[in-house]
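Participant: work_37.cif is the file, holding mmCIF, C-alpha atoms:
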data_query
loop_
_atom_site.label_atom_id
_atom_site.label_comp_id
_atom_site.auth_asym_id
_atom_site.auth_seq_id
_atom_site.Cartn_x
_atom_site.Cartn_y
_atom_site.Cartn_z
CA MET A 114 -40.50 -2.42 16.16
CA GLU A 115 -43.46 -4.01 14.40
CA SER A 116 -45.82 -6.17 16.42
CA ARG A 117 -46.35 -9.79 15.39
CA SER A 118 -49.79 -8.99 14.02
CA ALA A 119 -48.54 -5.99 12.03
CA LEU A 120 -45.64 -8.02 10.64
CA VAL A 121 -47.91 -10.85 9.53
CA GLN A 122 -50.45 -8.43 8.04
CA ARG A 123 -47.70 -6.68 6.07
CA ALA A 124 -46.26 -10.02 4.93
CA VAL A 125 -49.68 -11.24 3.77
CA ARG A 126 -50.31 -8.00 1.91
CA GLU A 127 -46.90 -7.96 0.19
CA TYR A 128 -46.12 -11.64 -0.39
CA GLU A 129 -49.22 -13.84 -0.22
CA SER A 130 -49.93 -13.98 -3.95
CA ALA A 131 -46.31 -14.57 -4.93
CA LEU A 132 -45.89 -17.26 -2.26
CA ILE A 133 -49.01 -19.06 -3.47
CA GLY A 134 -47.57 -19.07 -7.00
CA TYR A 135 -44.26 -20.37 -5.68
CA ALA A 136 -45.91 -23.07 -3.54
CA THR A 137 -47.99 -24.13 -6.55
CA THR A 138 -44.78 -25.02 -8.41
CA PHE A 139 -44.24 -27.72 -5.79
CA VAL A 140 -47.71 -29.00 -4.93
CA SER A 141 -49.44 -28.37 -8.28
CA ASP A 142 -52.78 -27.59 -6.64
CA LEU A 143 -53.98 -24.12 -5.75
CA ASP A 144 -55.82 -25.15 -2.58
CA ARG A 145 -52.86 -27.10 -1.24
CA ALA A 146 -50.56 -24.19 -2.14
CA ARG A 147 -52.80 -21.85 -0.15
CA ASP A 148 -52.58 -24.25 2.81
CA VAL A 149 -48.78 -24.23 2.59
CA VAL A 150 -48.73 -20.42 2.51
CA GLN A 151 -51.19 -20.19 5.39
CA ASP A 152 -48.92 -22.47 7.41
CA THR A 153 -45.99 -20.22 6.45
CA PHE A 154 -47.79 -17.17 7.88
CA ILE A 155 -48.69 -19.09 11.04
CA ARG A 156 -45.02 -19.90 11.50
CA LEU A 157 -44.20 -16.23 10.93
CA TYR A 158 -46.60 -15.27 13.70
CA ASP A 159 -44.78 -17.67 16.03
CA GLN A 160 -41.43 -15.93 15.39
CA GLU A 161 -40.03 -12.95 17.24
CA PRO A 162 -40.52 -10.01 14.83
CA GLY A 163 -36.99 -8.72 15.36
CA LYS A 164 -35.49 -12.01 14.18
CA VAL A 165 -37.19 -12.04 10.77
CA THR A 166 -37.92 -8.41 9.84
CA ASP A 167 -34.62 -7.73 8.03
CA GLY A 168 -34.72 -10.90 5.91
CA LEU A 169 -38.48 -11.28 5.76
CA LYS A 170 -38.75 -12.10 2.05
CA SER A 171 -36.11 -14.83 2.05
CA TRP A 172 -37.41 -16.17 5.39
CA LEU A 173 -40.93 -16.48 3.94
CA TYR A 174 -39.72 -18.23 0.77
CA THR A 175 -37.51 -20.58 2.78
CA VAL A 176 -40.33 -21.59 5.12
CA CYS A 177 -42.80 -21.86 2.23
CA ARG A 178 -40.40 -24.11 0.32
CA ASN A 179 -39.75 -26.28 3.36
CA ARG A 180 -43.45 -26.60 4.16
CA ALA A 181 -44.24 -27.58 0.55
CA LEU A 182 -41.43 -30.15 0.51
CA ASP A 183 -42.63 -31.52 3.87
CA LEU A 184 -46.10 -31.94 2.40
CA LEU A 185 -44.70 -33.75 -0.64
CA ARG A 186 -42.57 -36.01 1.56
CA ARG A 187 -45.67 -36.91 3.52
CA GLU A 188 -47.43 -37.74 0.26
CA LYS A 189 -44.31 -39.53 -1.05
CA ARG A 190 -44.44 -37.87 -4.44
CA LEU A 191 -43.16 -34.82 -6.26
CA VAL A 192 -45.52 -32.93 -8.53
CA SER A 193 -44.56 -30.16 -10.94
CA MET A 194 -46.84 -27.23 -11.64
CA ASP A 195 -49.22 -27.67 -14.57
CA ASP A 196 -49.94 -24.96 -17.13
CA ASP A 197 -53.48 -24.27 -15.85
CA ALA A 198 -52.27 -23.55 -12.33
CA TRP A 199 -49.55 -21.30 -13.73
CA ARG A 200 -52.04 -19.25 -15.74
CA GLU A 201 -54.47 -19.10 -12.83
CA THR A 202 -51.93 -17.72 -10.39
CA ARG A 203 -49.91 -15.46 -12.64
CA SER A 204 -52.18 -14.08 -15.40
CA THR A 205 -52.87 -10.36 -14.91
CA ALA A 206 -53.05 -9.02 -18.47
CA PRO A 207 -56.31 -7.18 -19.14
CA ASP A 208 -56.47 -7.68 -22.93
CA PRO A 209 -57.62 -11.24 -23.82
CA SER A 210 -55.56 -11.44 -27.03
CA GLU A 211 -52.50 -10.20 -25.17
CA THR A 212 -53.20 -12.67 -22.38
CA LEU A 213 -53.48 -15.51 -24.88
CA GLU A 214 -50.24 -14.53 -26.61
CA ASN A 215 -48.43 -14.17 -23.27
CA ASN A 216 -49.78 -17.52 -22.10
CA GLU A 217 -48.57 -19.22 -25.27
CA LYS A 218 -45.12 -17.70 -24.82
CA ARG A 219 -45.05 -18.58 -21.13
CA ASN A 220 -46.16 -22.16 -21.84
CA GLU A 221 -43.45 -22.52 -24.44
CA VAL A 222 -40.79 -21.24 -22.03
CA MET A 223 -42.16 -23.52 -19.28
CA ARG A 224 -41.89 -26.52 -21.62
CA TYR A 225 -38.25 -25.67 -22.25
CA LEU A 226 -37.69 -24.93 -18.57
CA GLU A 227 -38.91 -28.44 -17.67
CA ARG A 228 -36.02 -29.83 -19.74
CA LEU A 229 -33.50 -28.30 -17.32
CA PRO A 230 -32.23 -30.01 -14.17
CA GLU A 231 -34.38 -29.35 -11.08
CA ASN A 232 -31.81 -27.14 -9.33
CA GLN A 233 -31.56 -24.84 -12.39
CA ARG A 234 -35.38 -24.71 -12.70
CA GLU A 235 -35.74 -23.76 -9.06
CA VAL A 236 -33.22 -20.91 -9.07
CA ILE A 237 -34.67 -19.55 -12.32
CA ARG A 238 -38.19 -19.61 -10.83
CA LEU A 239 -37.01 -17.93 -7.64
CA LYS A 240 -35.18 -15.25 -9.62
CA PHE A 241 -37.83 -14.48 -12.23
CA GLN A 242 -41.12 -15.51 -10.60
CA ALA A 243 -40.36 -14.47 -7.03
CA ASP A 244 -37.88 -11.68 -7.91
CA LEU A 245 -35.43 -12.83 -5.24
CA THR A 246 -31.81 -11.68 -5.12
CA TYR A 247 -28.97 -14.18 -5.37
CA LYS A 248 -28.49 -13.90 -1.60
CA GLU A 249 -32.19 -14.52 -0.94
CA ILE A 250 -32.15 -17.52 -3.31
CA SER A 251 -29.09 -18.78 -1.43
CA ASP A 252 -30.96 -18.43 1.86
CA VAL A 253 -34.01 -20.27 0.48
CA THR A 254 -32.16 -23.15 -1.19
CA GLY A 255 -29.12 -23.52 1.04
CA LEU A 256 -26.82 -23.12 -1.96
CA THR A 257 -23.90 -20.69 -1.95
CA VAL A 258 -24.42 -17.34 -3.67
CA SER A 259 -21.80 -18.26 -6.27
CA ASN A 260 -23.53 -21.60 -6.91
CA VAL A 261 -26.83 -19.75 -7.40
CA GLY A 262 -25.14 -17.47 -9.93
CA PHE A 263 -23.59 -20.42 -11.73
CA LEU A 264 -26.90 -22.33 -11.88
CA LEU A 265 -28.75 -19.24 -13.17
CA HIS A 266 -26.11 -18.55 -15.80
CA THR A 267 -25.93 -22.18 -16.90
CA GLY A 268 -29.72 -22.62 -16.90
CA LEU A 269 -30.39 -19.44 -18.87
CA ARG A 270 -27.66 -20.28 -21.38
CA ARG A 271 -29.18 -23.76 -21.83
CA LEU A 272 -32.66 -22.22 -22.28
CA ARG A 273 -31.31 -19.90 -24.98
CA THR A 274 -29.69 -22.87 -26.73
CA LEU A 275 -32.90 -24.91 -26.56
CA MET A 276 -35.02 -22.00 -27.79
CA GLU A 277 -32.62 -20.81 -30.49
CA PRO A 278 -34.46 -22.45 -33.44
CA GLN A 279 -37.71 -20.82 -32.36
CA LEU A 280 -36.07 -17.43 -31.78
CA SER A 281 -34.37 -17.58 -35.17
CA ALA A 282 -37.69 -18.31 -36.88
CA ILE A 283 -39.27 -15.27 -35.19
CA HIS A 284 -36.44 -12.99 -36.26
CA GLN A 285 -36.75 -14.16 -39.88
CA LEU A 286 -40.39 -12.95 -40.03
#
Translate this structure into structure tokens?
Facilitator:
Amino acid sequence: MESRSALVQRAVREYESALIGYATTFVSDLDRARDVVQDTFIRLYDQEPGKVTDGLKSWLYTVCRNRALDLLRREKRLVSMDDDAWRETRSTAPDPSETLENNEKRNEVMRYLERLPENQREVIRLKFQADLTYKEISDVTGLTVSNVGFLLHTGLRRLRTLMEPQLSAIHQL
């Protein structure tokens, strides 16, 4: 059995960056997102390791989400992630021209994603940004696994519909 310290160290090593990116989607500020994630790891340290080890990833995302929402409730406002914060937390491409092209594509998708209902946006982010399973998304959001699947399917289908004119133009080149 892992000690508390070992569990937290492993969690920080494996999930810190992804959790900061996820928290940024709520609080829209990198420093505040880091505070939310730090609080998440403090709460992990307070848990019995045996209770969270098996579902560590979904536990971390659930606590991170709840901490971010608590912060927003205290501030009485919801803030969506801006493009600069997205690039800052997620850009890893070494080639500048490739980075620019990827950022343009990502920004375009994010603009379309913002046109979806919040619940569809959240499950899509959890699936594709955080790489969570349907079960883990269900644990994080409190939705049923089948509802998660429905929201993902519906959201992705709507994104394809919204982006169809752009995709058609690319294929005609």
Participant: Residues near Thr254 in chain A, anyone? I mean within 12 Å using all atoms listed in the file, not counting same-chain ones fewer than 2 positions away, as JSON, numbers by chain.
Facilitator: {"A": [171, 172, 174, 175, 176, 177, 178, 179, 182, 231, 232, 233, 235, 236, 237, 238, 239, 240, 245, 247, 248, 249, 250, 251, 252, 256, 257, 258, 260, 261, 264]}
Participant: Separation of CA of Arg117 in chain A and CA of Glu161 in chain A, in Å?
Facilitator: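 For CA of Arg117 in chain A relative to CA of Glu161 in chain A, the distance reads 7.3 Å.
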Participant: Where does the PyMOL selection byres ((chain A and resi 124) around 10) land in this file, that is, which residues does it pick, as a list in words?
Facilitator: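 Expected selection for the PyMOL selection byres ((chain A and resi 124) around 10) here is Ser118, Ala119, Leu120, Val121, Gln122, Arg123, Val125, Arg126, Glu127, Tyr128, Glu129, Phe154, Leu157, Thr166, Leu169, Lys170 and Leu173 of chain A.
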Participant: Point out the residue among A:Thr138, A:Asp183, A:Asp148, A:Glu277 with the least atom-to-atom distance to Glu227 in chain A, counting only C-alpha atoms.
Facilitator: A:Thr138
Participant: Between CA of Lys164 in chain A and CA of Ser116 in chain A, measure the distance and give it in Å to one decimal.
Facilitator: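 Separation of CA of Lys164 in chain A and CA of Ser116 in chain A: 12.1 Å.
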Participant: Rounded to one decimal place, report the CA of His266 in chain A-CA of Leu226 in chain A distance in Å.
Facilitator: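 Atom-to-atom, CA of His266 in chain A and CA of Leu226 in chain A are spaced 13.5 Å apart.
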Participant: Could you work out an axis-aligned box for range 263-268 of chain A, taking every atom the file lists and adding 6 Å on each side, and report centre and edge lengths in Å to one decimal, as lines of an AutoDock Vina configuration file?
Facilitator:
center_x = -26.7
center_y = -20.6
center_z = -14.3
size_x = 18.1
size_y = 16.1
size_z = 17.2
Participant: Quick one: of A:Glu115, A:Gly134, A:Gly168, A:Ser259, who's nearest to Phe241 in chain A, counting only C-alpha atoms?
Facilitator: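 Using only C-alpha atoms, the shortest distance to Phe241 in chain A belongs to A:Gly134.
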Participant: With distances taken over only C-alpha atoms, which residue among A:Arg234, A:Ala243, A:Val165, A:Glu221 lies nearest Ile133 in chain A?
Facilitator: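 Nearest to Ile133 in chain A: A:Ala243.
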Participant: Which residue out of A:Asp159, A:Gly262, A:Glu188, A:Met276 has the minimum interatomic distance to Tyr225 in chain A when all atoms listed in the file are used?
Facilitator: A:Met276
Participant: Using all atoms listed in the file, find the one residue out of A:Leu272, A:Val149, A:Leu132, A:Leu143 that sits nearest to Ala181 in chain A.
Facilitator: A:Val149
Participant: May I ask which of the residues A:Asn220, A:Arg145, A:Gln151, A:Gln160 is the closest one to Leu184 in chain A, counting all atoms listed in the file?
Facilitator: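 Nearest candidate to Leu184 in chain A out of A:Asn220, A:Arg145, A:Gln151, A:Gln160: A:Arg145.
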